[in-house]
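Trainee: One structure follows; several queries about it will come next.
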Amino acid sequence: MIKHNNNDLQNIIERKNITFNKFDKRKFNKYSYFQTMNAYKELFITKVETIDNLKFNIENDKNIIYYRNYFKIKKSIKNNELFKEICNNIFFKYGIKNDFISTDEDIKKINDIKYKHHVYSEKANYSDFIRMYKFEHDLRSFLLKYTLIIEEYIKNSFISVLNNDKTISANFLTNISSYNTKEFKNKQILRTLKLIIGMYDNTNSKPIRRKREQQLTIPY
């Protein structure tokens, strides 16, 4: 396997026929390639090709210039050698040993790693990927904010019921008799109870440890 520096990653974007201007290059370091390009590529891919598709297209003189540019094939390589050179390129990228046995063997090895070649829309821009990244980031922040508000409300309502009901003991949550043991075949109930008891027995928590030392009730 090989790793890529930022210049390599920028070249990869351009080889994908994605518009990548000077302004995009200046802000490239602000965003992770894998959090933008890989995360949202499905929105901009128009076709997915296997190695068999590539072989068929090359044999029928389709998209030759595109393949040469994408796989960085030297001009000295003739068209009848193009597919073999593309296979070598893929072998190098994925760290696959090339035994130079036959074209069929090359295809088999590449199919074994489930290789896919993604063809992007000619109208795709790098800035489109960044916009999607920002949109999802804002959406996650928005949802997290109100999820926490809802969680806090439910938690406080639950605690209020436990505190205000005089028939409920202070150890209600950790008392096994508070639970319907007939339902303990449900593993989720057992995991929840174990989690609750584990929180109450957490000796690493200074507030809990202090309450125990003072022989005071640990709040819900």
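As shown in the structure tokens, the chain order sets the letters A, B, ...; within each chain, residues go from 1, and ligands are also counted from 1 in the order they appear.
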Hey, what's within 9 Å of segment 58-66 of chain A if we count only C-alpha atoms and toss same-chain stuff fewer than 5 positions away? As a ChimeraX atom specification, please?
Mentor: /A:15,17,53,71,79-80,82-83
Trainee: With N, CA and C atoms retained, could you export that selection as a PDB file, in the first residue's frame?
Mentor:
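Result saved to again-v8.pdb:
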ATOM      1  N   ARG A  15      -7.419  14.300 -11.566  1.00  0.00           N
ATOM      2  CA  ARG A  15      -7.505  13.165 -12.485  1.00  0.00           C
ATOM      3  C   ARG A  15      -8.914  12.580 -12.532  1.00  0.00           C
ATOM      4  N   ASN A  17     -11.393  14.243 -12.971  1.00  0.00           N
ATOM      5  CA  ASN A  17     -12.149  15.220 -13.780  1.00  0.00           C
ATOM      6  C   ASN A  17     -13.042  16.104 -12.924  1.00  0.00           C
ATOM      7  N   ASN A  53     -14.956  -3.979 -17.213  1.00  0.00           N
ATOM      8  CA  ASN A  53     -15.482  -2.859 -17.985  1.00  0.00           C
ATOM      9  C   ASN A  53     -14.347  -2.070 -18.630  1.00  0.00           C
ATOM     10  N   PHE A  71      -4.991   7.222 -14.988  1.00  0.00           N
ATOM     11  CA  PHE A  71      -3.992   6.279 -14.462  1.00  0.00           C
ATOM     12  C   PHE A  71      -2.557   6.743 -14.713  1.00  0.00           C
ATOM     13  N   ASN A  79      -1.450   1.826 -27.196  1.00  0.00           N
ATOM     14  CA  ASN A  79      -2.807   1.438 -26.801  1.00  0.00           C
ATOM     15  C   ASN A  79      -2.948  -0.057 -26.523  1.00  0.00           C
ATOM     16  N   ASN A  80      -2.206  -0.884 -27.272  1.00  0.00           N
ATOM     17  CA  ASN A  80      -2.319  -2.326 -27.054  1.00  0.00           C
ATOM     18  C   ASN A  80      -1.633  -2.778 -25.747  1.00  0.00           C
ATOM     19  N   LEU A  82      -1.922  -0.642 -23.059  1.00  0.00           N
ATOM     20  CA  LEU A  82      -2.558   0.248 -22.079  1.00  0.00           C
ATOM     21  C   LEU A  82      -3.211  -0.517 -20.934  1.00  0.00           C
ATOM     22  N   PHE A  83      -3.960  -1.548 -21.256  1.00  0.00           N
ATOM     23  CA  PHE A  83      -4.678  -2.272 -20.203  1.00  0.00           C
ATOM     24  C   PHE A  83      -3.692  -2.929 -19.226  1.00  0.00           C
TER      25      PHE A  83
END
Trainee: Segment 147-162 of chain A: which residues within 12 Å, counting only C-alpha atoms, same-chain residues fewer than 6 positions away excluded, as a PyMOL selection string?
Mentor: chain A and resi 139-141+168-173+219-220
Trainee: Could you please take those selected residues and save N, CA, C and O atoms as a compact mmCIF listing (two decimals), in the first residue's frame?
Mentor:
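This went into out23.txt:
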# COMPACT_ATOMS: atom_id res chain seq x y z
N LEU A 139 -25.89 20.33 10.18
CA LEU A 139 -27.06 19.52 10.50
C LEU A 139 -26.81 18.67 11.75
O LEU A 139 -27.67 18.58 12.63
N ARG A 140 -25.62 18.08 11.84
CA ARG A 140 -25.28 17.28 13.02
C ARG A 140 -25.28 18.14 14.28
O ARG A 140 -25.77 17.72 15.33
N SER A 141 -24.72 19.35 14.17
CA SER A 141 -24.67 20.26 15.33
C SER A 141 -26.08 20.64 15.76
O SER A 141 -26.39 20.69 16.96
N ILE A 168 -41.48 5.21 46.61
CA ILE A 168 -40.28 4.69 45.95
C ILE A 168 -39.07 4.92 46.84
O ILE A 168 -38.82 6.03 47.30
N SER A 169 -38.31 3.87 47.08
CA SER A 169 -37.15 3.96 47.96
C SER A 169 -35.97 4.60 47.23
O SER A 169 -35.93 4.67 46.00
N ALA A 170 -34.97 5.02 48.02
CA ALA A 170 -33.81 5.70 47.46
C ALA A 170 -32.96 4.77 46.60
O ALA A 170 -32.23 5.22 45.73
N ASN A 171 -33.05 3.46 46.88
CA ASN A 171 -32.26 2.49 46.10
C ASN A 171 -33.10 1.80 45.03
O ASN A 171 -32.81 0.69 44.62
N PHE A 172 -34.14 2.48 44.59
CA PHE A 172 -35.09 1.91 43.64
C PHE A 172 -34.41 1.36 42.39
O PHE A 172 -34.69 0.25 41.95
N LEU A 173 -33.49 2.13 41.82
CA LEU A 173 -32.88 1.72 40.55
C LEU A 173 -31.93 0.54 40.70
O LEU A 173 -31.72 -0.21 39.76
N PRO A 219 -27.58 10.35 44.67
CA PRO A 219 -28.72 10.85 43.88
C PRO A 219 -28.93 10.05 42.60
O PRO A 219 -27.98 9.47 42.07
N TYR A 220 -30.17 10.04 42.14
CA TYR A 220 -30.45 9.35 40.87
C TYR A 220 -29.60 9.92 39.75
O TYR A 220 -29.18 9.21 38.87
Trainee: Taking 3 positions as the minimum chain separation for residues in the same chain, which residues sit within 8 Å of Ser121 of chain A when counting only C-alpha atoms? Answer as an MDAnalysis selection string.
Mentor: chainID A and resid 17:18 44:46 124
Trainee: Write to file, as a PDB file, in the first residue's frame, the residues of the selection just made, with N, CA, C and O atoms.
Mentor:
ATOM      1  N   ASN A  17     -11.393  14.243 -12.971  1.00  0.00           N
ATOM      2  CA  ASN A  17     -12.149  15.220 -13.780  1.00  0.00           C
ATOM      3  C   ASN A  17     -13.042  16.104 -12.924  1.00  0.00           C
ATOM      4  O   ASN A  17     -14.068  16.611 -13.394  1.00  0.00           O
ATOM      5  N   ILE A  18     -12.680  16.270 -11.661  1.00  0.00           N
ATOM      6  CA  ILE A  18     -13.411  17.156 -10.757  1.00  0.00           C
ATOM      7  C   ILE A  18     -12.748  18.525 -10.809  1.00  0.00           C
ATOM      8  O   ILE A  18     -11.524  18.638 -10.656  1.00  0.00           O
ATOM      9  N   PHE A  44     -21.877  12.259  -6.588  1.00  0.00           N
ATOM     10  CA  PHE A  44     -21.326  12.811  -7.820  1.00  0.00           C
ATOM     11  C   PHE A  44     -20.851  11.744  -8.810  1.00  0.00           C
ATOM     12  O   PHE A  44     -20.406  12.075  -9.903  1.00  0.00           O
ATOM     13  N   ILE A  45     -20.940  10.488  -8.421  1.00  0.00           N
ATOM     14  CA  ILE A  45     -20.514   9.405  -9.310  1.00  0.00           C
ATOM     15  C   ILE A  45     -21.627   9.087 -10.304  1.00  0.00           C
ATOM     16  O   ILE A  45     -22.781   8.895  -9.915  1.00  0.00           O
ATOM     17  N   THR A  46     -21.279   9.058 -11.561  1.00  0.00           N
ATOM     18  CA  THR A  46     -22.273   8.763 -12.600  1.00  0.00           C
ATOM     19  C   THR A  46     -22.196   7.316 -13.075  1.00  0.00           C
ATOM     20  O   THR A  46     -23.151   6.790 -13.641  1.00  0.00           O
ATOM     21  N   ALA A 124     -18.938  18.093 -11.695  1.00  0.00           N
ATOM     22  CA  ALA A 124     -18.592  18.045 -10.269  1.00  0.00           C
ATOM     23  C   ALA A 124     -17.457  19.018  -9.954  1.00  0.00           C
ATOM     24  O   ALA A 124     -16.485  19.120 -10.700  1.00  0.00           O
TER      25      ALA A 124
END
Trainee: Need the shell around His4 of chain A: protein/DNA/RNA residues with any atom at most 12 Å away, counting only C-alpha atoms. Skip same-chain ones fewer than 4 positions apart. Format as a list in words?
Mentor: Asp8, Leu9, Gln10, Asn11, Ile12, Tyr33, Phe34 and Lys93 of chain A
Trainee: Include N, CA, C and O atoms and write out the residues we just selected as a tab-separated table (two decimals), in the first residue's frame.
Mentor:
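As a result, part-v8.tsv now contains:
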chain	number	residue	atom	x	y	z
A	8	ASP	N	-0.27	14.84	-3.86
A	8	ASP	CA	-0.79	13.62	-4.50
A	8	ASP	C	-2.31	13.62	-4.49
A	8	ASP	O	-2.95	13.29	-5.49
A	9	LEU	N	-2.89	13.97	-3.35
A	9	LEU	CA	-4.35	13.96	-3.22
A	9	LEU	C	-4.99	15.00	-4.13
A	9	LEU	O	-6.05	14.75	-4.72
A	10	GLN	N	-4.35	16.15	-4.27
A	10	GLN	CA	-4.88	17.17	-5.19
A	10	GLN	C	-4.82	16.68	-6.63
A	10	GLN	O	-5.74	16.91	-7.41
A	11	ASN	N	-3.74	15.99	-6.96
A	11	ASN	CA	-3.63	15.43	-8.32
A	11	ASN	C	-4.69	14.37	-8.58
A	11	ASN	O	-5.23	14.27	-9.69
A	12	ILE	N	-4.99	13.59	-7.56
A	12	ILE	CA	-6.03	12.56	-7.69
A	12	ILE	C	-7.38	13.21	-7.99
A	12	ILE	O	-8.14	12.74	-8.84
A	33	TYR	N	-9.34	15.14	3.11
A	33	TYR	CA	-9.71	14.55	1.82
A	33	TYR	C	-10.73	13.42	2.00
A	33	TYR	O	-11.70	13.31	1.27
A	34	PHE	N	-10.50	12.59	3.01
A	34	PHE	CA	-11.33	11.40	3.20
A	34	PHE	C	-12.69	11.75	3.82
A	34	PHE	O	-13.66	11.02	3.64
A	93	LYS	N	-0.86	0.35	-6.50
A	93	LYS	CA	-1.68	1.12	-5.56
A	93	LYS	C	-2.10	0.27	-4.36
A	93	LYS	O	-2.07	0.73	-3.22
Trainee: List the spatial neighbours of Ile197 of chain A as a list of chain:residue names - criterion: any atom at most 12 Å away, only C-alpha atoms, same-chain residues fewer than 2 positions off excluded.
Mentor: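 Close residues of Ile197 of chain A: A:Asn171, A:Phe172, A:Leu173, A:Thr174, A:Asn175, A:Ile176, A:Leu190, A:Arg191, A:Thr192, A:Leu193, A:Lys194, A:Leu195, A:Met199, A:Tyr200, A:Asp201, A:Asn202, A:Thr203, A:Ile218, A:Tyr220.
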Trainee: Enumerate, as a ChimeraX atom specification, the complete set of residues in segment 16-167 of chain A that a backbone-based DSSP assignment places in strand (DSSP E or B).
Mentor: /A:19,45-49,117-120,125
Trainee: Can you pull out every residue within 9 Å of Arg68 of chain A, counting only C-alpha atoms, but drop anything in the same chain fewer than 6 positions away, and send it as number ranges by chain?
Mentor: A: 74-75, 82, 86
Trainee: Those residues with N, CA and C atoms, as a compact mmCIF listing (two decimals), in the first residue's frame please?
Mentor:
# COMPACT_ATOMS: atom_id res chain seq x y z
N LYS A 74 2.13 6.84 -19.41
CA LYS A 74 3.07 7.58 -20.24
C LYS A 74 2.67 7.50 -21.71
N LYS A 75 3.00 8.56 -22.44
CA LYS A 75 2.67 8.61 -23.87
C LYS A 75 3.38 7.51 -24.65
N LEU A 82 -1.92 -0.64 -23.06
CA LEU A 82 -2.56 0.25 -22.08
C LEU A 82 -3.21 -0.52 -20.93
N ILE A 86 -2.40 -0.37 -16.90
CA ILE A 86 -3.41 0.00 -15.91
C ILE A 86 -3.46 -1.04 -14.80
